[in-house]
Structure formats: structure tokens, C-alpha cells
file input-v4.pdb (PDB, C-alpha atoms)
ATOM      1  CA  MET A   1      58.911  29.099  71.360  1.00  0.00           C
ATOM      2  CA  SER A   2      55.886  31.330  72.002  1.00  0.00           C
ATOM      3  CA  SER A   3      52.450  30.041  70.953  1.00  0.00           C
ATOM      4  CA  ASN A   4      50.113  32.217  68.783  1.00  0.00           C
ATOM      5  CA  ASN A   5      46.430  31.412  69.330  1.00  0.00           C
ATOM      6  CA  LYS A   6      44.974  34.000  66.878  1.00  0.00           C
ATOM      7  CA  PRO A   7      42.402  32.411  64.544  1.00  0.00           C
ATOM      8  CA  PHE A   8      43.704  31.850  61.024  1.00  0.00           C
ATOM      9  CA  PHE A   9      41.522  31.200  57.965  1.00  0.00           C
ATOM     10  CA  VAL A  10      42.518  28.426  55.575  1.00  0.00           C
ATOM     11  CA  GLY A  11      40.427  28.169  52.444  1.00  0.00           C
ATOM     12  CA  TYR A  12      39.997  24.394  52.423  1.00  0.00           C
ATOM     13  CA  LEU A  13      39.159  24.196  56.159  1.00  0.00           C
ATOM     14  CA  SER A  14      36.133  25.383  58.131  1.00  0.00           C
ATOM     15  CA  ALA A  15      36.416  28.927  59.461  1.00  0.00           C
ATOM     16  CA  PRO A  16      37.483  29.107  63.105  1.00  0.00           C
ATOM     17  CA  GLY A  17      34.745  29.986  65.610  1.00  0.00           C
ATOM     18  CA  PRO A  18      35.721  33.642  66.203  1.00  0.00           C
ATOM     19  CA  LEU A  19      35.966  34.291  62.449  1.00  0.00           C
ATOM     20  CA  ARG A  20      32.572  32.663  61.847  1.00  0.00           C
ATOM     21  CA  ARG A  21      30.971  35.004  64.343  1.00  0.00           C
ATOM     22  CA  PHE A  22      32.709  37.991  62.737  1.00  0.00           C
ATOM     23  CA  LEU A  23      31.620  37.005  59.208  1.00  0.00           C
ATOM     24  CA  LEU A  24      28.047  36.392  60.394  1.00  0.00           C
ATOM     25  CA  ALA A  25      27.929  39.860  61.950  1.00  0.00           C
ATOM     26  CA  ILE A  26      29.250  41.443  58.730  1.00  0.00           C
ATOM     27  CA  CYS A  27      26.600  39.596  56.651  1.00  0.00           C
ATOM     28  CA  VAL A  28      23.803  40.738  58.951  1.00  0.00           C
ATOM     29  CA  LEU A  29      25.067  44.329  58.793  1.00  0.00           C
ATOM     30  CA  PHE A  30      25.144  44.207  54.963  1.00  0.00           C
ATOM     31  CA  ILE A  31      21.597  42.809  54.750  1.00  0.00           C
ATOM     32  CA  VAL A  32      20.175  45.319  57.221  1.00  0.00           C
ATOM     33  CA  GLY A  33      22.144  48.169  55.622  1.00  0.00           C
ATOM     34  CA  PHE A  34      20.955  47.446  52.078  1.00  0.00           C
ATOM     35  CA  ALA A  35      17.360  46.983  53.279  1.00  0.00           C
ATOM     36  CA  ALA A  36      17.536  50.354  55.047  1.00  0.00           C
ATOM     37  CA  LEU A  37      19.048  51.968  51.930  1.00  0.00           C
ATOM     38  CA  GLY A  38      16.277  50.545  49.725  1.00  0.00           C
ATOM     39  CA  LEU A  39      13.603  51.764  52.136  1.00  0.00           C
ATOM     40  CA  THR A  40      15.179  55.225  52.267  1.00  0.00           C
ATOM     41  CA  LEU A  41      15.331  55.495  48.461  1.00  0.00           C
ATOM     42  CA  GLY A  42      11.735  54.317  48.140  1.00  0.00           C
ATOM     43  CA  VAL A  43      10.422  56.790  50.698  1.00  0.00           C
ATOM     44  CA  ALA A  44      12.332  59.622  48.996  1.00  0.00           C
ATOM     45  CA  GLN A  45      10.571  59.045  45.656  1.00  0.00           C
ATOM     46  CA  ASP A  46       7.501  61.027  44.629  1.00  0.00           C
ATOM     47  CA  ASP A  47       4.138  59.349  45.129  1.00  0.00           C
ATOM     48  CA  PRO A  48       3.293  57.690  41.774  1.00  0.00           C
ATOM     49  CA  GLY A  49      -0.317  58.701  42.234  1.00  0.00           C
ATOM     50  CA  PRO A  50      -3.565  56.757  42.239  1.00  0.00           C
ATOM     51  CA  GLY A  51      -3.768  56.015  38.506  1.00  0.00           C
ATOM     52  CA  ALA A  52      -4.147  52.360  37.551  1.00  0.00           C
ATOM     53  CA  PHE A  53      -5.650  49.789  35.226  1.00  0.00           C
ATOM     54  CA  ARG A  54      -8.971  48.983  36.873  1.00  0.00           C
ATOM     55  CA  PHE A  55      -8.791  45.243  36.393  1.00  0.00           C
ATOM     56  CA  ASP A  56     -10.931  45.010  39.524  1.00  0.00           C
ATOM     57  CA  TYR A  57     -13.799  46.419  37.444  1.00  0.00           C
ATOM     58  CA  GLY A  58     -13.539  43.572  34.973  1.00  0.00           C
ATOM     59  CA  ARG A  59     -14.148  44.090  31.243  1.00  0.00           C
ATOM     60  CA  GLN A  60     -16.384  47.096  30.685  1.00  0.00           C
ATOM     61  CA  THR A  61     -18.830  47.442  27.785  1.00  0.00           C
ATOM     62  CA  VAL A  62     -20.826  50.614  27.170  1.00  0.00           C
ATOM     63  CA  THR A  63     -22.581  52.375  24.314  1.00  0.00           C
ATOM     64  CA  GLY A  64     -21.952  55.965  23.285  1.00  0.00           C
ATOM     65  CA  VAL A  65     -21.244  58.493  20.566  1.00  0.00           C
ATOM     66  CA  ILE A  66     -17.802  58.404  18.966  1.00  0.00           C
ATOM     67  CA  GLU A  67     -16.228  61.861  18.757  1.00  0.00           C
ATOM     68  CA  LEU A  68     -12.893  63.130  17.475  1.00  0.00           C
ATOM     69  CA  THR A  69     -11.019  65.985  19.162  1.00  0.00           C
ATOM     70  CA  PRO A  70      -9.103  64.933  16.905  1.00  0.00           C
ATOM     71  CA  TYR A  71      -8.288  62.081  19.302  1.00  0.00           C
ATOM     72  CA  PRO A  72     -11.034  59.426  19.564  1.00  0.00           C
ATOM     73  CA  LEU A  73     -13.424  59.641  22.506  1.00  0.00           C
ATOM     74  CA  VAL A  74     -16.701  58.003  23.394  1.00  0.00           C
ATOM     75  CA  ARG A  75     -19.426  60.007  25.132  1.00  0.00           C
ATOM     76  CA  VAL A  76     -21.322  57.346  27.031  1.00  0.00           C
ATOM     77  CA  THR A  77     -25.098  57.269  26.520  1.00  0.00           C
ATOM     78  CA  ILE A  78     -25.810  53.783  27.899  1.00  0.00           C
ATOM     79  CA  GLY A  79     -23.548  52.974  30.805  1.00  0.00           C
ATOM     80  CA  ASN A  80     -23.448  50.449  33.631  1.00  0.00           C
ATOM     81  CA  ASP A  81     -22.798  50.281  37.373  1.00  0.00           C
ATOM     82  CA  ARG A  82     -19.208  51.471  36.902  1.00  0.00           C
ATOM     83  CA  ILE A  83     -19.477  53.924  34.007  1.00  0.00           C
ATOM     84  CA  LYS A  84     -22.381  56.337  34.140  1.00  0.00           C
ATOM     85  CA  PRO A  85     -24.102  57.973  31.137  1.00  0.00           C
ATOM     86  CA  GLY A  86     -22.468  61.313  30.372  1.00  0.00           C
ATOM     87  CA  THR A  87     -18.963  60.049  31.126  1.00  0.00           C
ATOM     88  CA  THR A  88     -16.388  60.800  28.433  1.00  0.00           C
ATOM     89  CA  LEU A  89     -13.769  58.103  27.867  1.00  0.00           C
ATOM     90  CA  MET A  90     -10.580  58.708  25.902  1.00  0.00           C
ATOM     91  CA  LEU A  91      -9.851  55.702  23.685  1.00  0.00           C
ATOM     92  CA  ALA A  92      -6.546  53.923  23.120  1.00  0.00           C
ATOM     93  CA  GLY A  93      -5.370  50.598  21.771  1.00  0.00           C
ATOM     94  CA  GLN A  94      -3.142  48.064  23.431  1.00  0.00           C
ATOM     95  CA  GLY A  95       0.462  49.098  23.954  1.00  0.00           C
ATOM     96  CA  LYS A  96       1.465  52.490  22.540  1.00  0.00           C
ATOM     97  CA  SER A  97      -1.121  52.608  19.792  1.00  0.00           C
ATOM     98  CA  SER A  98      -4.179  54.594  18.772  1.00  0.00           C
ATOM     99  CA  VAL A  99      -7.559  53.325  17.633  1.00  0.00           C
ATOM    100  CA  ASP A 100      -7.905  55.911  14.845  1.00  0.00           C
ATOM    101  CA  LYS A 101      -8.442  53.389  12.048  1.00  0.00           C
ATOM    102  CA  ARG A 102     -11.361  51.825  13.908  1.00  0.00           C
ATOM    103  CA  ALA A 103     -12.854  54.982  15.410  1.00  0.00           C
ATOM    104  CA  ILE A 104     -12.656  57.523  12.570  1.00  0.00           C
ATOM    105  CA  PRO A 105     -15.191  55.701  10.314  1.00  0.00           C
ATOM    106  CA  LEU A 106     -17.648  55.799  13.252  1.00  0.00           C
ATOM    107  CA  GLU A 107     -17.320  59.509  14.038  1.00  0.00           C
ATOM    108  CA  GLY A 108     -20.658  60.961  15.141  1.00  0.00           C
ATOM    109  CA  GLN A 109     -22.297  57.529  15.321  1.00  0.00           C
ATOM    110  CA  LEU A 110     -23.442  55.330  18.158  1.00  0.00           C
ATOM    111  CA  ALA A 111     -21.043  52.502  18.917  1.00  0.00           C
ATOM    112  CA  LYS A 112     -20.552  49.766  21.460  1.00  0.00           C
ATOM    113  CA  VAL A 113     -17.069  49.850  23.002  1.00  0.00           C
ATOM    114  CA  SER A 114     -15.444  47.269  25.246  1.00  0.00           C
ATOM    115  CA  GLY A 115     -12.176  47.037  27.117  1.00  0.00           C
ATOM    116  CA  VAL A 116     -10.273  47.791  30.315  1.00  0.00           C
ATOM    117  CA  VAL A 117     -10.677  51.098  32.134  1.00  0.00           C
ATOM    118  CA  LEU A 118      -7.711  53.218  33.207  1.00  0.00           C
ATOM    119  CA  GLN A 119      -8.541  55.820  35.800  1.00  0.00           C
ATOM    120  CA  ARG A 120      -6.772  58.636  37.624  1.00  0.00           C
ATOM    121  CA  GLY A 121      -9.059  61.014  39.488  1.00  0.00           C
ATOM    122  CA  ASP A 122     -11.543  62.364  36.956  1.00  0.00           C
ATOM    123  CA  LEU A 123      -9.352  61.248  34.027  1.00  0.00           C
ATOM    124  CA  ASN A 124     -10.844  58.179  32.305  1.00  0.00           C
ATOM    125  CA  MET A 125      -9.557  56.071  29.428  1.00  0.00           C
ATOM    126  CA  LEU A 126     -10.681  52.813  27.867  1.00  0.00           C
ATOM    127  CA  GLN A 127      -8.112  50.449  26.370  1.00  0.00           C
ATOM    128  CA  LEU A 128     -10.126  48.757  23.646  1.00  0.00           C
ATOM    129  CA  ARG A 129     -10.224  45.079  22.888  1.00  0.00           C
ATOM    130  CA  GLY A 130      -9.150  44.068  19.419  1.00  0.00           C
ATOM    131  CA  GLY A 131     -11.308  44.257  16.289  1.00  0.00           C
ATOM    132  CA  ARG A 132     -15.112  44.409  16.408  1.00  0.00           C
ATOM    133  CA  ASN A 133     -15.049  43.067  19.961  1.00  0.00           C
ATOM    134  CA  GLY A 134     -13.558  46.410  20.974  1.00  0.00           C
ATOM    135  CA  ILE A 135     -15.659  48.840  18.930  1.00  0.00           C
ATOM    136  CA  SER A 136     -18.587  48.364  16.574  1.00  0.00           C
ATOM    137  CA  ALA A 137     -21.483  50.454  15.279  1.00  0.00           C
ATOM    138  CA  VAL A 138     -24.954  50.011  16.753  1.00  0.00           C
ATOM    139  CA  GLU A 139     -28.383  51.202  15.628  1.00  0.00           C
ATOM    140  CA  GLY A 140     -29.787  54.427  17.035  1.00  0.00           C
ATOM    141  CA  ALA A 141     -29.745  58.185  16.748  1.00  0.00           C
ATOM    142  CA  ALA A 142     -26.643  59.971  18.018  1.00  0.00           C
ATOM    143  CA  SER A 143     -27.086  63.350  19.680  1.00  0.00           C
ATOM    144  CA  LYS A 144     -24.482  66.019  19.007  1.00  0.00           C
ATOM    145  CA  GLN A 145     -22.205  67.112  21.853  1.00  0.00           C
ATOM    146  CA  THR A 146     -22.459  70.755  22.850  1.00  0.00           C
ATOM    147  CA  ARG A 147     -19.261  72.755  23.249  1.00  0.00           C
ATOM    148  CA  GLU A 148     -18.969  75.400  25.950  1.00  0.00           C
ATOM    149  CA  PRO A 149     -16.123  77.925  25.400  1.00  0.00           C
ATOM    150  CA  LEU A 150     -14.331  78.810  28.649  1.00  0.00           C
ATOM    151  CA  GLY A 151     -12.070  81.521  27.248  1.00  0.00           C
ATOM    152  CA  ARG A 152      -8.314  81.863  26.892  1.00  0.00           C
ATOM    153  CA  TRP A 153      -6.077  80.614  29.698  1.00  0.00           C
ATOM    154  CA  LYS A 154      -2.397  80.662  30.575  1.00  0.00           C
ATOM    155  CA  LEU A 155      -1.600  77.435  32.376  1.00  0.00           C
ATOM    156  CA  ALA A 156       1.435  75.988  34.106  1.00  0.00           C
ATOM    157  CA  GLY A 157       1.960  72.252  34.139  1.00  0.00           C
ATOM    158  CA  GLU A 158       3.108  69.283  32.093  1.00  0.00           C
ATOM    159  CA  ILE A 159       2.205  67.601  28.808  1.00  0.00           C
ATOM    160  CA  CYS A 160       1.836  63.831  29.283  1.00  0.00           C
ATOM    161  CA  ASP A 161       0.466  60.931  27.305  1.00  0.00           C
ATOM    162  CA  GLY A 162      -3.004  60.160  28.582  1.00  0.00           C
ATOM    163  CA  LYS A 163      -2.596  56.401  28.816  1.00  0.00           C
ATOM    164  CA  CYS A 164       0.464  56.245  31.047  1.00  0.00           C
ATOM    165  CA  LEU A 165      -0.801  59.170  33.084  1.00  0.00           C
ATOM    166  CA  ALA A 166      -4.157  57.436  33.629  1.00  0.00           C
ATOM    167  CA  GLY A 167      -2.391  54.405  35.075  1.00  0.00           C
ATOM    168  CA  ALA A 168      -0.656  52.278  32.425  1.00  0.00           C
ATOM    169  CA  MET A 169       2.680  53.337  33.943  1.00  0.00           C
ATOM    170  CA  ARG A 170       3.476  54.664  37.384  1.00  0.00           C
ATOM    171  CA  PRO A 171       4.239  57.447  37.937  1.00  0.00           C
ATOM    172  CA  GLY A 172       3.532  58.068  34.206  1.00  0.00           C
ATOM    173  CA  ARG A 173       4.867  61.618  34.287  1.00  0.00           C
ATOM    174  CA  GLY A 174       8.084  63.572  34.879  1.00  0.00           C
ATOM    175  CA  LEU A 175      11.387  63.606  32.995  1.00  0.00           C
ATOM    176  CA  ALA A 176      12.043  59.939  33.756  1.00  0.00           C
ATOM    177  CA  HIS A 177       8.978  59.160  31.655  1.00  0.00           C
ATOM    178  CA  LYS A 178       9.725  61.537  28.758  1.00  0.00           C
ATOM    179  CA  ALA A 179      10.939  58.932  26.230  1.00  0.00           C
ATOM    180  CA  CYS A 180       8.014  56.592  26.927  1.00  0.00           C
ATOM    181  CA  ALA A 181       5.514  59.461  26.748  1.00  0.00           C
ATOM    182  CA  ASN A 182       6.836  60.606  23.364  1.00  0.00           C
ATOM    183  CA  LEU A 183       6.564  57.069  21.971  1.00  0.00           C
ATOM    184  CA  CYS A 184       2.956  56.880  23.151  1.00  0.00           C
ATOM    185  CA  LEU A 185       2.140  60.257  21.605  1.00  0.00           C
ATOM    186  CA  LEU A 186       3.830  59.297  18.332  1.00  0.00           C
ATOM    187  CA  GLY A 187       1.663  56.163  18.373  1.00  0.00           C
ATOM    188  CA  GLY A 188      -1.470  58.325  18.585  1.00  0.00           C
ATOM    189  CA  VAL A 189      -2.328  58.022  22.286  1.00  0.00           C
ATOM    190  CA  PRO A 190      -4.330  61.116  23.373  1.00  0.00           C
ATOM    191  CA  PRO A 191      -2.123  63.747  25.076  1.00  0.00           C
ATOM    192  CA  VAL A 192      -3.183  65.320  28.368  1.00  0.00           C
ATOM    193  CA  PHE A 193      -2.104  68.555  30.027  1.00  0.00           C
ATOM    194  CA  VAL A 194      -1.761  68.311  33.816  1.00  0.00           C
ATOM    195  CA  SER A 195      -2.368  71.788  35.188  1.00  0.00           C
ATOM    196  CA  THR A 196      -1.047  73.057  38.512  1.00  0.00           C
ATOM    197  CA  GLN A 197      -4.303  74.982  38.959  1.00  0.00           C
ATOM    198  CA  GLU A 198      -7.780  73.619  38.404  1.00  0.00           C
ATOM    199  CA  VAL A 199      -9.617  74.808  35.318  1.00  0.00           C
ATOM    200  CA  ASP A 200     -13.369  74.762  35.876  1.00  0.00           C
ATOM    201  CA  GLY A 201     -12.913  72.030  38.488  1.00  0.00           C
ATOM    202  CA  SER A 202     -10.409  69.796  36.692  1.00  0.00           C
ATOM    203  CA  GLU A 203      -6.611  69.542  36.586  1.00  0.00           C
ATOM    204  CA  PHE A 204      -6.583  67.229  33.523  1.00  0.00           C
ATOM    205  CA  LEU A 205      -7.240  68.634  30.040  1.00  0.00           C
ATOM    206  CA  LEU A 206      -7.043  66.889  26.697  1.00  0.00           C
ATOM    207  CA  ILE A 207      -4.529  69.037  24.780  1.00  0.00           C
ATOM    208  CA  THR A 208      -4.621  69.666  21.026  1.00  0.00           C
ATOM    209  CA  GLY A 209      -3.167  72.042  18.469  1.00  0.00           C
ATOM    210  CA  PRO A 210      -4.465  75.613  18.183  1.00  0.00           C
ATOM    211  CA  ASP A 211      -7.125  74.702  15.616  1.00  0.00           C
ATOM    212  CA  GLY A 212      -8.302  71.586  17.422  1.00  0.00           C
ATOM    213  CA  ASP A 213      -5.963  69.430  15.356  1.00  0.00           C
ATOM    214  CA  ALA A 214      -3.315  66.989  16.606  1.00  0.00           C
ATOM    215  CA  LEU A 215      -0.705  68.212  19.076  1.00  0.00           C
ATOM    216  CA  PRO A 216       2.070  69.920  17.032  1.00  0.00           C
ATOM    217  CA  LYS A 217       5.264  67.907  16.728  1.00  0.00           C
ATOM    218  CA  SER A 218       7.151  70.964  18.018  1.00  0.00           C
ATOM    219  CA  ALA A 219       5.424  70.469  21.382  1.00  0.00           C
ATOM    220  CA  TYR A 220       6.982  67.021  21.794  1.00  0.00           C
ATOM    221  CA  ASP A 221      10.255  68.656  22.846  1.00  0.00           C
ATOM    222  CA  TYR A 222       8.400  70.019  25.888  1.00  0.00           C
ATOM    223  CA  VAL A 223       6.729  66.773  26.969  1.00  0.00           C
ATOM    224  CA  ALA A 224       7.329  65.865  30.647  1.00  0.00           C
ATOM    225  CA  GLN A 225       8.806  69.283  31.430  1.00  0.00           C
ATOM    226  CA  PHE A 226       7.309  71.966  33.662  1.00  0.00           C
ATOM    227  CA  ILE A 227       6.040  74.616  31.238  1.00  0.00           C
ATOM    228  CA  THR A 228       3.633  77.479  30.799  1.00  0.00           C
ATOM    229  CA  VAL A 229       1.462  77.728  27.713  1.00  0.00           C
ATOM    230  CA  GLU A 230      -1.567  79.726  26.584  1.00  0.00           C
ATOM    231  CA  GLY A 231      -4.613  78.588  24.681  1.00  0.00           C
ATOM    232  CA  ASP A 232      -8.389  78.344  24.468  1.00  0.00           C
ATOM    233  CA  VAL A 233     -10.303  75.953  26.714  1.00  0.00           C
ATOM    234  CA  GLU A 234     -13.680  74.445  25.951  1.00  0.00           C
ATOM    235  CA  ARG A 235     -15.869  71.990  27.823  1.00  0.00           C
ATOM    236  CA  ARG A 236     -17.291  68.928  26.121  1.00  0.00           C
ATOM    237  CA  GLY A 237     -19.489  67.162  28.621  1.00  0.00           C
ATOM    238  CA  ASP A 238     -17.260  66.218  31.564  1.00  0.00           C
ATOM    239  CA  LEU A 239     -14.049  66.651  29.544  1.00  0.00           C
ATOM    240  CA  LEU A 240     -12.023  69.841  29.045  1.00  0.00           C
ATOM    241  CA  VAL A 241     -10.145  70.410  25.782  1.00  0.00           C
ATOM    242  CA  PHE A 242      -7.160  72.792  25.757  1.00  0.00           C
ATOM    243  CA  ARG A 243      -6.265  74.162  22.291  1.00  0.00           C
ATOM    244  CA  MET A 244      -2.728  75.277  23.022  1.00  0.00           C
ATOM    245  CA  ASP A 245      -0.807  78.010  21.193  1.00  0.00           C
ATOM    246  CA  PRO A 246       2.664  76.538  20.509  1.00  0.00           C
ATOM    247  CA  ASP A 247       4.198  80.008  20.140  1.00  0.00           C
ATOM    248  CA  THR A 248       3.562  80.668  23.851  1.00  0.00           C
ATOM    249  CA  LEU A 249       5.352  77.573  25.212  1.00  0.00           C
ATOM    250  CA  GLU A 250       7.984  78.371  27.822  1.00  0.00           C
ATOM    251  CA  VAL A 251       9.990  76.048  30.090  1.00  0.00           C
ATOM    252  CA  LEU A 252      10.016  77.013  33.758  1.00  0.00           C
ATOM    253  CA  GLU A 253      13.225  76.394  35.672  1.00  0.00           C
TER     254      GLU A 253
END
call {"tool": "encode", "arguments": {"input": "input-v4.pdb", "output": "C-alpha cells"}}
result
Amino acid sequence: MSSNNKPFFVGYLSAPGPLRRFLLAICVLFIVGFAALGLTLGVAQDDPGPGAFRFDYGRQTVTGVIELTPYPLVRVTIGNDRIKPGTTLMLAGQGKSSVDKRAIPLEGQLAKVSGVVLQRGDLNMLQLRGGRNGISAVEGAASKQTREPLGRWKLAGEICDGKCLAGAMRPGRGLAHKACANLCLLGGVPPVFVSTQEVDGSEFLLITGPDGDALPKSAYDYVAQFITVEGDVERRGDLLVFRMDPDTLEVLE
């Protein structure tokens, strides 16, 4: 009778030495292979950008004039080491919510605002604390913001919600973010147009309807897509406002 010395695996016994070495090699190959695949997929993704919650700043409290575009802003008049006077901060609540109910009664008045800064380049937003801790009127005269018309422009770019774009989500733009962006905009978060070309030194513009009213609901179908659109641009301090003409919206392939 001939003897057969090939290793044979039996479930209730320890694996023979040659099979153990083979299984160990397979496990190592799987681990290294999946790690390499994960690294490859990560490297292939677009850079999410520098936007972020600036928790490293700590809670920020400044005083300024509340303005509506119609989305609430604060034009800082008394700043601090982080936020200089003249800075314009878009305002948003926690989650996907606006601060309209708290800000509208204070339109044109001085107010103290407090919260966490979100920042992406020259785009600045403040996520307010709750109640009067987040926004409250203060005594003092409020100067009126001048508006500088910059003419009619045709821009290419993307409509995003300002909060996620500023850093609440990363990357906060693109088709993968469309559903989240629409929920934020429906909640009253200020919308921002990201232009492929700078307009008077900035690629970020607060976008509104043609009469300076809220972004038309018809424009929501174009959120997070690469589009061209025409409209009038005006400067308010360090912020640009783009009053888009919805009839000129076109999707670029």
C-alpha cells in the first residue's frame, strides 16, 4: 500500500503545518490588498477642501448690525482677535435650520451674536447658540450698509448650501451632497454660489432671487450641478450678493 503524506484538514483538529502557513499567507494578502484598495480609493477622491468648524477658535462673540439679504447676516462692528470689524458673517442655527425668527425682529439694529465659526477661504458663517445666548439686541446706533452695484454677470459654477460648504460637511458640494444641500436650503440656511471665476476677488457669492428675495424653489433642481446663470452682483462690505435670473439657468454637461 502506498503512503500519501499530503496535508489534510479536519475541522475538529488543528490545521497541519503546511496548511497553516498557506492560510497565514492568504490572510496577509487579503489585509494588504484591502488596505491598498482603501488607500487607492481615498487618493482618487476629490480634495474635500479646507472648510471646517473652527472649534480651535473657541466660542466667538461679536457685536454688529443685523441685515437681511433676505438671509440673516451680521456686519461686525465690534470684533475680537479672530473676527475683525467689517467682517460679514452669514448666520445659521444648529443642524439644518435658519435663525430667521430670532434675526428678523432685529433687522437694522445692533446685536450681540455668539456661536461657532465655520470658515472656508473668505466664506464665513456663524452657527448661533440657542436663544438670547446666541443673539440679542444691544444699545447703540447702527450704521447703514452701503451697496455697490457691480453690474450683470454670467457665471459658471454650483449652487450649494452655505453651511455645509463652509465646513459643516466635507466636501459639502457636488452631486453626492445634493440631497443634504436641498434639506439645508429648505431649512433656511443661506445658499452660496461657487463660481469657477473670481468676481471682484471672490469665488463665493451669497445667491438670492432676482429681486433680492429668497432663492426660487425652481433653482433647487439645479443645486449641486455644474450650471451657468446670469444675474446682478452687488457688494455689501466684504460679501458679494448674486441676484440670479432663474430663466437663464442652464446645466453644463
call {"tool": "residues_near_point", "arguments": {"input": "input-v4.pdb", "point": "(-22.8, 59.8, 27.6)", "cutoff": "7 Å", "atoms": "only C-alpha atoms", "output": "list in words"}}
result
Gly64, Arg75, Val76, Thr77, Ile78, Pro85, Gly86, Thr87 and Thr88 of chain A
call {"tool": "resolve_selection", "arguments": {"input": "input-v4.pdb", "expression": "the PyMOL selection byres ((chain A and resi 102) around 9)", "output": "list in words"}}
result
Val99, Asp100, Lys101, Ala103, Ile104, Pro105, Leu106, Gly131, Arg132, Ile135 and Ser136 of chain A
call {"tool": "write_last_selection", "arguments": {"input": "input-v4.pdb", "atoms": "C-alpha atoms", "output": "PDB file, keeping the file's coordinate frame"}}
result
ATOM      1  CA  VAL A  99      -7.559  53.325  17.633  1.00  0.00           C
ATOM      2  CA  ASP A 100      -7.905  55.911  14.845  1.00  0.00           C
ATOM      3  CA  LYS A 101      -8.442  53.389  12.048  1.00  0.00           C
ATOM      4  CA  ALA A 103     -12.854  54.982  15.410  1.00  0.00           C
ATOM      5  CA  ILE A 104     -12.656  57.523  12.570  1.00  0.00           C
ATOM      6  CA  PRO A 105     -15.191  55.701  10.314  1.00  0.00           C
ATOM      7  CA  LEU A 106     -17.648  55.799  13.252  1.00  0.00           C
ATOM      8  CA  GLY A 131     -11.308  44.257  16.289  1.00  0.00           C
ATOM      9  CA  ARG A 132     -15.112  44.409  16.408  1.00  0.00           C
ATOM     10  CA  ILE A 135     -15.659  48.840  18.930  1.00  0.00           C
ATOM     11  CA  SER A 136     -18.587  48.364  16.574  1.00  0.00           C
TER      12      SER A 136
END
call {"tool": "resolve_selection", "arguments": {"input": "input-v4.pdb", "expression": "the PyMOL selection byres ((chain A and resi 190-193) around 7)", "output": "list of chain:residue names"}}
result
A:Tyr71, A:Gly157, A:Glu158, A:Ile159, A:Cys160, A:Asp161, A:Gly162, A:Leu185, A:Gly188, A:Val189, A:Val194, A:Ser195, A:Phe204, A:Leu205, A:Leu206, A:Ile207
call {"tool": "write_last_selection", "arguments": {"input": "input-v4.pdb", "atoms": "C-alpha atoms", "output": "CSV table (one decimal), keeping the file's coordinate frame"}}
result
chain,number,residue,atom,x,y,z
A,71,TYR,CA,-8.3,62.1,19.3
A,157,GLY,CA,2.0,72.3,34.1
A,158,GLU,CA,3.1,69.3,32.1
A,159,ILE,CA,2.2,67.6,28.8
A,160,CYS,CA,1.8,63.8,29.3
A,161,ASP,CA,0.5,60.9,27.3
A,162,GLY,CA,-3.0,60.2,28.6
A,185,LEU,CA,2.1,60.3,21.6
A,188,GLY,CA,-1.5,58.3,18.6
A,189,VAL,CA,-2.3,58.0,22.3
A,194,VAL,CA,-1.8,68.3,33.8
A,195,SER,CA,-2.4,71.8,35.2
A,204,PHE,CA,-6.6,67.2,33.5
A,205,LEU,CA,-7.2,68.6,30.0
A,206,LEU,CA,-7.0,66.9,26.7
A,207,ILE,CA,-4.5,69.0,24.8
call {"tool": "atom_distance", "arguments": {"input": "input-v4.pdb", "atom1": "atom CA of Leu110 of chain A", "atom2": "atom CA of Asp122 of chain A"}}
result
23.3 Å
call {"tool": "resolve_selection", "arguments": {"input": "input-v4.pdb", "expression": "the PyMOL selection byres ((chain A and resi 57) around 12)", "output": "MDAnalysis selection string"}}
result
chainID A and resid 52:56 58:61 80:83 115:119 126
call {"tool": "residues_near_point", "arguments": {"input": "input-v4.pdb", "point": "(4.9, 77.4, 24.5)", "cutoff": "8 Å", "atoms": "only C-alpha atoms", "output": "PyMOL selection string"}}
result
chain A and resi 219+227-230+245-251
call {"tool": "write_last_selection", "arguments": {"input": "input-v4.pdb", "atoms": "C-alpha atoms", "output": "PDB file, keeping the file's coordinate frame"}}
result
ATOM      1  CA  ALA A 219       5.424  70.469  21.382  1.00  0.00           C
ATOM      2  CA  ILE A 227       6.040  74.616  31.238  1.00  0.00           C
ATOM      3  CA  THR A 228       3.633  77.479  30.799  1.00  0.00           C
ATOM      4  CA  VAL A 229       1.462  77.728  27.713  1.00  0.00           C
ATOM      5  CA  GLU A 230      -1.567  79.726  26.584  1.00  0.00           C
ATOM      6  CA  ASP A 245      -0.807  78.010  21.193  1.00  0.00           C
ATOM      7  CA  PRO A 246       2.664  76.538  20.509  1.00  0.00           C
ATOM      8  CA  ASP A 247       4.198  80.008  20.140  1.00  0.00           C
ATOM      9  CA  THR A 248       3.562  80.668  23.851  1.00  0.00           C
ATOM     10  CA  LEU A 249       5.352  77.573  25.212  1.00  0.00           C
ATOM     11  CA  GLU A 250       7.984  78.371  27.822  1.00  0.00           C
ATOM     12  CA  VAL A 251       9.990  76.048  30.090  1.00  0.00           C
TER      13      VAL A 251
END
call {"tool": "closest_residue", "arguments": {"input": "input-v4.pdb", "among": "A:Met90, A:Leu240, A:Ala224, A:Leu128", "to": "Leu68 of chain A", "atoms": "all atoms listed in the file"}}
result
A:Met90
call {"tool": "atom_distance", "arguments": {"input": "input-v4.pdb", "atom1": "atom CA of Thr208 of chain A", "atom2": "atom CA of Pro149 of chain A"}}
result
14.8 Å
